Amino acid sequence: MNLQSRHALRTRLGALAHHILAEASRHWKWLTFLLWIVVTVAMVMTRWPAIHWLVLGDTDDNIRYVQVKDWLAGQGWYDLRQYRLDPPGGANIHWSRIVDIPLAALMLFFRAFVDQGMADRLACGIAPLLPLLLLMLSLGFIGRRLAGPHGWVLAVAAPFAAQMGLGMYAPMRIDHHGWQLALALTMLAGVIDANRLRGGVMAGVSSALSIAIGMEMIVYLAAGGALIALRWVFRPGAEARMLAYALSLAGATSLFYLLFASYANRAMVCDALSPIWVAVFGAAGAGMVLLALLPWRGWRPRLAAGLVVGGAVALFFWLKWPQCLSPYQISPELQRLWLANIREAKPITAQAQSLVVPLLAIPAAGLLGLLWALWDARRDGEQLWAWATVGLMMLFSTALLFWQLRAGPAAQLLAIPPAAWAAHRLVAAVLTGTRRARITASIGVALLAAIAFVYPLYPQAMKAYQQVTGHKPKPWRPSAVARNDAIKKANGRCRTQPALAVLDQLPAATIFTMVDLGPRILATTHHSALAGPYHRNGATILDVHHAFDGKPETFRAIAAKHHATYLLVCPNFPEGTIYQARSPGGFYADLMLGRRPDWLVPVELRTSMTLPYQLYRILYSPAGGEEIAQQR
């Protein structure tokens, strides 16, 4: 082939590639949907054992499952009280029905084809993947806005490198966090949308929907609203976005309150969408509408007016409901005994290095990409503002890691836009740049690839580093290794559906057990439990802690107060180790040493397996021969 023919071939191939890219860009939403279908099938297949055995690992997932089943069995739309936690009064659950709807719809759909048990498992496997599609579409939208028509590709694929963020969408992760994270990215897409009217509506409705689901993301949503107002201060014409945002936020919040607020959330509560937040967002929306409609000129009067309105709303909130400045409204004792021992409620500085380094890899890549993008957009005011908005949201979410680890998924996902933009630019340089640019870009692509695979690569890199340097961490004592292994095994085995299902040999009763095991008992058996880790039920949580920390007679008095028929303990269960360490002379610690009072009678269950827990009947008469307290 001569030179002219080779040149013609390259021209035709280039034209074909350009045509393919143009078509892909035009149909990026459908291509994202197809990718999501592939991912859904792959994740369901790889997680099939968890689906088959109903492995709802988190306590919130278990209560969500029970909540939806109770709803389908006839419990009221606005009644979210869980009556099998601390019966007969039940436990006050502060969620809404929004996330229940797709899970319930999938359950009903699959029940038309398979038995109810398998249908419910399939629904739990697929439901968490629905908000993943919203997340991917939002990231693709942001990628196109920041990097051009082809910027969606890497942005859509990037979540699969953010393992902590992606974990919120794994099959069986049916709680609401995946939806809230996806809606936070949808809100960000609206904040930077070039179409101001559409962007304002998108940001307002997604914020209201997230708030109606739960209050966990409210600081991120408030930051997005503040950035919309700040843009109005400095950019003539930005009032269109702020007006659309204010009206949609206030209107949608009020509508969602009417549609989804439970009976309990119609009181003046701070931890869910209630009349408090309807009033606050209504006042904020009204103030923003006023600012958008009045003919302010110049950034100085706009800034002054915005500060006055914002200050008035903040003062109104503080004077009326100052208690809502605290995220949980729990007692100092509950904070000390319970919340302080939850790992995700601790800052990143209190976490192990093996968790911190992979977690921070994507935010670190996002920071470098952000600096590059800001420099690249320094002469384009609109693009610079869009990048500043994305960057501030990313930095804010990363900073929250130093408050609580629970900010980790948001920190990873909000760092994707600048990291994906940098990857897009590097790949383009490899394909079209000069020789020197290709070499430099190839190094950058290799570094980003290492970050993308940091979770599997990091342990191997640490081993290689130790071999090269000869520096090895101080080995754990054999007793500590054995204890850690025992805790891991107990944490897994005591939650398994086959082990707990054996309890259904007994008539339905109230089982006194650890706080973190209560929701799992509800999900896998017909029995009731005392408590789950939900802050509105702090008094019962404290009763459980006092019972296990105190003397045997203290335990029996508390068990009688809650009409408990049985006691179930799981040796080496993580929560139990806290009682042992905190109260070495307490009831739980004595029980683990074999010091069992005579009013605890071991219960034999018919099974061929070795059960990972110990079950006792609680006798309440002094002699131990009278009838036990009955469940009311």
# chains A, B, ... in the order shown; residues from 1 in each chain; ligands from 1
call {"tool": "closest_atom_pairs", "arguments": {"of": "region 234-352 of chain A", "to": "region 71-94 of chain A", "cutoff": "12 Å", "atoms": "only C-alpha atoms", "output": "Markdown table"}}
result
| residue | atom | partner | partner_atom | distance |
| --- | --- | --- | --- | --- |
| A:Tyr257 | CA | A:Tyr78 | CA | 11.0 |
| A:Leu258 | CA | A:Tyr78 | CA | 10.2 |
| A:Leu259 | CA | A:Tyr78 | CA | 8.9 |
| A:Phe260 | CA | A:Tyr78 | CA | 7.0 |
| A:Ala261 | CA | A:Tyr78 | CA | 6.7 |
| A:Ser262 | CA | A:Tyr78 | CA | 4.2 |
| A:Tyr263 | CA | A:Tyr78 | CA | 5.6 |
| A:Ala264 | CA | A:Asn92 | CA | 7.3 |
| A:Asn265 | CA | A:His94 | CA | 7.0 |
| A:Arg266 | CA | A:Tyr78 | CA | 9.9 |
| A:Ala267 | CA | A:His94 | CA | 11.3 |
| A:Val269 | CA | A:His94 | CA | 9.3 |
| A:Cys270 | CA | A:His94 | CA | 10.0 |
| A:Asp271 | CA | A:His94 | CA | 7.2 |
| A:Ala272 | CA | A:His94 | CA | 6.3 |
| A:Leu273 | CA | A:His94 | CA | 9.1 |
| A:Ser274 | CA | A:His94 | CA | 10.3 |
| A:Tyr328 | CA | A:His94 | CA | 11.6 |
call {"tool": "write_last_selection", "arguments": {"atoms": "N, CA, C and O atoms", "output": "tab-separated table (two decimals), in the first residue's frame"}}
result
chain	number	residue	atom	x	y	z
A	257	TYR	N	-44.23	16.31	51.82
A	257	TYR	CA	-44.67	16.20	53.20
A	257	TYR	C	-46.10	15.66	53.26
A	257	TYR	O	-46.41	14.75	54.04
A	258	LEU	N	-46.96	16.20	52.44
A	258	LEU	CA	-48.35	15.74	52.43
A	258	LEU	C	-48.46	14.28	52.00
A	258	LEU	O	-49.28	13.52	52.53
A	259	LEU	N	-47.63	13.87	51.05
A	259	LEU	CA	-47.75	12.53	50.49
A	259	LEU	C	-47.06	11.46	51.34
A	259	LEU	O	-47.53	10.32	51.39
A	260	PHE	N	-45.96	11.82	52.00
A	260	PHE	CA	-45.11	10.78	52.58
A	260	PHE	C	-44.83	10.91	54.08
A	260	PHE	O	-44.33	9.95	54.66
A	261	ALA	N	-45.10	12.04	54.70
A	261	ALA	CA	-44.76	12.17	56.12
A	261	ALA	C	-45.61	11.22	56.96
A	261	ALA	O	-46.83	11.21	56.86
A	262	SER	N	-44.97	10.41	57.79
A	262	SER	CA	-45.68	9.46	58.63
A	262	SER	C	-46.41	10.19	59.75
A	262	SER	O	-46.22	11.39	59.98
A	263	TYR	N	-47.24	9.45	60.46
A	263	TYR	CA	-47.94	10.04	61.60
A	263	TYR	C	-46.95	10.64	62.59
A	263	TYR	O	-47.15	11.75	63.09
A	264	ALA	N	-45.86	9.92	62.86
A	264	ALA	CA	-44.87	10.40	63.83
A	264	ALA	C	-44.18	11.67	63.34
A	264	ALA	O	-43.81	12.53	64.13
A	265	ASN	N	-44.00	11.78	62.03
A	265	ASN	CA	-43.27	12.92	61.47
A	265	ASN	C	-44.16	14.15	61.27
A	265	ASN	O	-43.69	15.16	60.74
A	266	ARG	N	-45.41	14.07	61.68
A	266	ARG	CA	-46.26	15.26	61.65
A	266	ARG	C	-46.09	16.10	62.92
A	266	ARG	O	-46.63	17.19	63.01
A	267	ALA	N	-45.33	15.55	63.87
A	267	ALA	CA	-44.95	16.33	65.05
A	267	ALA	C	-43.75	17.20	64.71
A	267	ALA	O	-43.17	17.11	63.62
A	269	VAL	N	-40.56	17.35	64.75
A	269	VAL	CA	-39.32	16.58	64.88
A	269	VAL	C	-38.28	17.15	63.93
A	269	VAL	O	-38.60	17.76	62.90
A	270	CYS	N	-37.01	16.91	64.28
A	270	CYS	CA	-35.90	17.50	63.52
A	270	CYS	C	-35.27	16.53	62.54
A	270	CYS	O	-34.58	16.96	61.61
A	271	ASP	N	-35.44	15.23	62.75
A	271	ASP	CA	-34.67	14.24	62.01
A	271	ASP	C	-35.39	13.69	60.79
A	271	ASP	O	-34.97	12.68	60.22
A	272	ALA	N	-36.48	14.32	60.38
A	272	ALA	CA	-37.23	13.88	59.19
A	272	ALA	C	-38.02	15.07	58.66
A	272	ALA	O	-38.12	16.12	59.32
A	273	LEU	N	-38.55	14.92	57.46
A	273	LEU	CA	-39.38	15.99	56.89
A	273	LEU	C	-40.64	16.15	57.74
A	273	LEU	O	-41.49	15.27	57.80
A	274	SER	N	-40.74	17.29	58.41
A	274	SER	CA	-41.80	17.57	59.36
A	274	SER	C	-42.26	19.00	59.15
A	274	SER	O	-41.71	19.73	58.30
A	328	TYR	N	-28.86	14.56	66.17
A	328	TYR	CA	-29.59	13.39	66.67
A	328	TYR	C	-30.54	13.68	67.83
A	328	TYR	O	-31.45	12.92	68.08
call {"tool": "residues_around", "arguments": {"residues": "region 385-401 of chain A", "least_positions_apart": "4", "cutoff": "10 Å", "atoms": "only C-alpha atoms", "output": "PyMOL selection string"}}
result
chain A and resi 142+145-146+188-189+191-194+219-221+223-224+227-228+231+235+344-349+360+363-364+366-367+369-371+373-374+377-378+380-381+405-418
call {"tool": "atom_distance", "arguments": {"atom1": "CA of Pro459 (chain A)", "atom2": "CA of Ser354 (chain A)"}}
result
7.8 Å
call {"tool": "residues_around", "arguments": {"residues": "region 443-446 of chain A", "least_positions_apart": "6", "cutoff": "12 Å", "atoms": "only C-alpha atoms", "output": "PDB file with N, CA, C and O atoms, in the first residue's frame"}}
result
ATOM      1  N   ALA A 365      -7.320  12.224  43.590  1.00  0.00           N
ATOM      2  CA  ALA A 365      -7.302  12.384  42.136  1.00  0.00           C
ATOM      3  C   ALA A 365      -8.245  13.497  41.721  1.00  0.00           C
ATOM      4  O   ALA A 365      -7.944  14.281  40.800  1.00  0.00           O
ATOM      5  N   LEU A 368      -6.524  16.935  42.281  1.00  0.00           N
ATOM      6  CA  LEU A 368      -5.562  17.257  41.227  1.00  0.00           C
ATOM      7  C   LEU A 368      -6.282  17.620  39.928  1.00  0.00           C
ATOM      8  O   LEU A 368      -5.906  18.576  39.230  1.00  0.00           O
ATOM      9  N   GLY A 369      -7.327  16.859  39.596  1.00  0.00           N
ATOM     10  CA  GLY A 369      -8.101  17.177  38.399  1.00  0.00           C
ATOM     11  C   GLY A 369      -8.776  18.524  38.516  1.00  0.00           C
ATOM     12  O   GLY A 369      -8.858  19.279  37.531  1.00  0.00           O
ATOM     13  N   ALA A 419     -12.050  14.054  38.557  1.00  0.00           N
ATOM     14  CA  ALA A 419     -11.166  12.932  38.245  1.00  0.00           C
ATOM     15  C   ALA A 419     -11.456  12.386  36.848  1.00  0.00           C
ATOM     16  O   ALA A 419     -10.531  12.094  36.070  1.00  0.00           O
ATOM     17  N   ALA A 420     -12.739  12.258  36.489  1.00  0.00           N
ATOM     18  CA  ALA A 420     -13.104  11.767  35.158  1.00  0.00           C
ATOM     19  C   ALA A 420     -12.711  12.769  34.081  1.00  0.00           C
ATOM     20  O   ALA A 420     -12.298  12.377  32.975  1.00  0.00           O
ATOM     21  N   TRP A 421     -12.844  14.070  34.378  1.00  0.00           N
ATOM     22  CA  TRP A 421     -12.422  15.091  33.406  1.00  0.00           C
ATOM     23  C   TRP A 421     -10.925  14.976  33.134  1.00  0.00           C
ATOM     24  O   TRP A 421     -10.488  15.034  31.972  1.00  0.00           O
ATOM     25  N   ALA A 422     -10.123  14.822  34.184  1.00  0.00           N
ATOM     26  CA  ALA A 422      -8.682  14.673  33.998  1.00  0.00           C
ATOM     27  C   ALA A 422      -8.365  13.430  33.178  1.00  0.00           C
ATOM     28  O   ALA A 422      -7.509  13.459  32.278  1.00  0.00           O
ATOM     29  N   ALA A 423      -9.064  12.318  33.469  1.00  0.00           N
ATOM     30  CA  ALA A 423      -8.853  11.094  32.696  1.00  0.00           C
ATOM     31  C   ALA A 423      -9.225  11.300  31.234  1.00  0.00           C
ATOM     32  O   ALA A 423      -8.521  10.840  30.319  1.00  0.00           O
ATOM     33  N   HIS A 424     -10.313  12.021  30.992  1.00  0.00           N
ATOM     34  CA  HIS A 424     -10.749  12.311  29.618  1.00  0.00           C
ATOM     35  C   HIS A 424      -9.686  13.108  28.870  1.00  0.00           C
ATOM     36  O   HIS A 424      -9.358  12.790  27.714  1.00  0.00           O
ATOM     37  N   ARG A 425      -9.142  14.122  29.506  1.00  0.00           N
ATOM     38  CA  ARG A 425      -8.119  14.937  28.855  1.00  0.00           C
ATOM     39  C   ARG A 425      -6.837  14.148  28.609  1.00  0.00           C
ATOM     40  O   ARG A 425      -6.176  14.308  27.559  1.00  0.00           O
ATOM     41  N   LEU A 426      -6.474  13.288  29.545  1.00  0.00           N
ATOM     42  CA  LEU A 426      -5.259  12.493  29.373  1.00  0.00           C
ATOM     43  C   LEU A 426      -5.411  11.480  28.246  1.00  0.00           C
ATOM     44  O   LEU A 426      -4.494  11.292  27.427  1.00  0.00           O
ATOM     45  N   VAL A 427      -6.561  10.840  28.169  1.00  0.00           N
ATOM     46  CA  VAL A 427      -6.806   9.866  27.093  1.00  0.00           C
ATOM     47  C   VAL A 427      -6.797  10.577  25.743  1.00  0.00           C
ATOM     48  O   VAL A 427      -6.222  10.066  24.753  1.00  0.00           O
ATOM     49  N   ALA A 428      -7.408  11.754  25.673  1.00  0.00           N
ATOM     50  CA  ALA A 428      -7.400  12.519  24.423  1.00  0.00           C
ATOM     51  C   ALA A 428      -5.979  12.884  24.016  1.00  0.00           C
ATOM     52  O   ALA A 428      -5.627  12.841  22.823  1.00  0.00           O
ATOM     53  N   ALA A 429      -5.135  13.236  25.006  1.00  0.00           N
ATOM     54  CA  ALA A 429      -3.741  13.582  24.699  1.00  0.00           C
ATOM     55  C   ALA A 429      -2.970  12.367  24.202  1.00  0.00           C
ATOM     56  O   ALA A 429      -2.132  12.479  23.291  1.00  0.00           O
ATOM     57  N   VAL A 430      -3.251  11.198  24.768  1.00  0.00           N
ATOM     58  CA  VAL A 430      -2.589   9.979  24.308  1.00  0.00           C
ATOM     59  C   VAL A 430      -2.949   9.681  22.862  1.00  0.00           C
ATOM     60  O   VAL A 430      -2.115   9.248  22.049  1.00  0.00           O
ATOM     61  N   LEU A 431      -4.196   9.924  22.483  1.00  0.00           N
ATOM     62  CA  LEU A 431      -4.672   9.584  21.153  1.00  0.00           C
ATOM     63  C   LEU A 431      -4.310  10.619  20.095  1.00  0.00           C
ATOM     64  O   LEU A 431      -4.084  10.264  18.926  1.00  0.00           O
ATOM     65  N   ARG A 436       5.723  13.959  22.882  1.00  0.00           N
ATOM     66  CA  ARG A 436       6.010  14.287  24.278  1.00  0.00           C
ATOM     67  C   ARG A 436       4.719  14.307  25.096  1.00  0.00           C
ATOM     68  O   ARG A 436       4.686  13.816  26.228  1.00  0.00           O
ATOM     69  N   ALA A 437       3.659  14.847  24.502  1.00  0.00           N
ATOM     70  CA  ALA A 437       2.382  14.883  25.211  1.00  0.00           C
ATOM     71  C   ALA A 437       1.848  13.472  25.448  1.00  0.00           C
ATOM     72  O   ALA A 437       1.281  13.179  26.513  1.00  0.00           O
ATOM     73  N   ALA A 452      -7.900   3.856  40.098  1.00  0.00           N
ATOM     74  CA  ALA A 452      -9.174   3.189  39.813  1.00  0.00           C
ATOM     75  C   ALA A 452      -9.217   1.779  40.398  1.00  0.00           C
ATOM     76  O   ALA A 452     -10.284   1.292  40.780  1.00  0.00           O
ATOM     77  N   PHE A 453      -8.049   1.129  40.494  1.00  0.00           N
ATOM     78  CA  PHE A 453      -7.982  -0.230  41.030  1.00  0.00           C
ATOM     79  C   PHE A 453      -7.291  -0.268  42.387  1.00  0.00           C
ATOM     80  O   PHE A 453      -6.679  -1.261  42.758  1.00  0.00           O
ATOM     81  N   VAL A 454      -7.408   0.842  43.122  1.00  0.00           N
ATOM     82  CA  VAL A 454      -6.661   0.963  44.374  1.00  0.00           C
ATOM     83  C   VAL A 454      -7.109  -0.061  45.404  1.00  0.00           C
ATOM     84  O   VAL A 454      -6.289  -0.545  46.191  1.00  0.00           O
TER      85      VAL A 454
END
call {"tool": "residues_around", "arguments": {"residues": "Gly140 (chain A)", "least_positions_apart": "5", "cutoff": "12 Å", "atoms": "only C-alpha atoms", "output": "PyMOL selection string"}}
result
chain A and resi 25+27-33+133-135+145-159+185-186+188-189+416-417+420-421
call {"tool": "select_by_dssp", "arguments": {"residues": "region 219-285 of chain A", "states": "helix (DSSP H, G or I)", "output": "ChimeraX atom specification"}}
result
/A:219-234,239-260,264-266,275-285
call {"tool": "residues_around", "arguments": {"residues": "Phe317 (chain A)", "least_positions_apart": "4", "cutoff": "10 Å", "atoms": "only C-alpha atoms", "output": "list in words"}}
result
Ile276, Trp277, Ala279, Val280, Ala283, Gly311, Ala312, Val313, Trp321, Pro322, Gln323, Cys324 and Leu325 of chain A
call {"tool": "select_by_dssp", "arguments": {"residues": "region 560-592 of chain A", "states": "strand (DSSP E or B)", "output": "PyMOL selection string"}}
result
chain A and resi 566-569
call {"tool": "write_last_selection", "arguments": {"atoms": "N, CA, C and O atoms", "output": "short mmCIF file (atom, residue, chain, number, x, y, z; two decimals), in the first residue's frame"}}
result
data_model
loop_
_atom_site.label_atom_id
_atom_site.label_comp_id
_atom_site.auth_asym_id
_atom_site.auth_seq_id
_atom_site.Cartn_x
_atom_site.Cartn_y
_atom_site.Cartn_z
N TYR A 566 -37.27 -14.76 76.03
CA TYR A 566 -36.00 -15.44 75.82
C TYR A 566 -34.86 -14.43 75.82
O TYR A 566 -35.05 -13.24 75.52
N LEU A 567 -33.68 -14.95 76.10
CA LEU A 567 -32.42 -14.21 75.94
C LEU A 567 -31.58 -14.93 74.90
O LEU A 567 -31.36 -16.15 75.00
N LEU A 568 -31.13 -14.20 73.89
CA LEU A 568 -30.24 -14.75 72.87
C LEU A 568 -28.94 -13.98 72.88
O LEU A 568 -28.95 -12.74 72.73
N VAL A 569 -27.84 -14.68 73.09
CA VAL A 569 -26.53 -14.04 73.06
C VAL A 569 -25.65 -14.78 72.07
O VAL A 569 -25.77 -15.99 71.88
#
call {"tool": "residues_around", "arguments": {"residues": "region 239-249 of chain A", "least_positions_apart": "4", "cutoff": "8 Å", "atoms": "only C-alpha atoms", "output": "PyMOL selection string"}}
result
chain A and resi 196-205+207-208+228-229+232+253+281+284-286+288-289+292-293
call {"tool": "closest_residue", "arguments": {"among": "A:Phe548, A:Trp48, A:Tyr65, A:Tyr588", "to": "Thr524 (chain A)", "atoms": "only C-alpha atoms"}}
result
A:Tyr65
call {"tool": "atom_distance", "arguments": {"atom1": "CA of Ile342 (chain A)", "atom2": "CA of Asp516 (chain A)"}}
result
10.6 Å
call {"tool": "atom_distance", "arguments": {"atom1": "CA of Met172 (chain A)", "atom2": "CA of Gly125 (chain A)"}}
result
4.8 Å
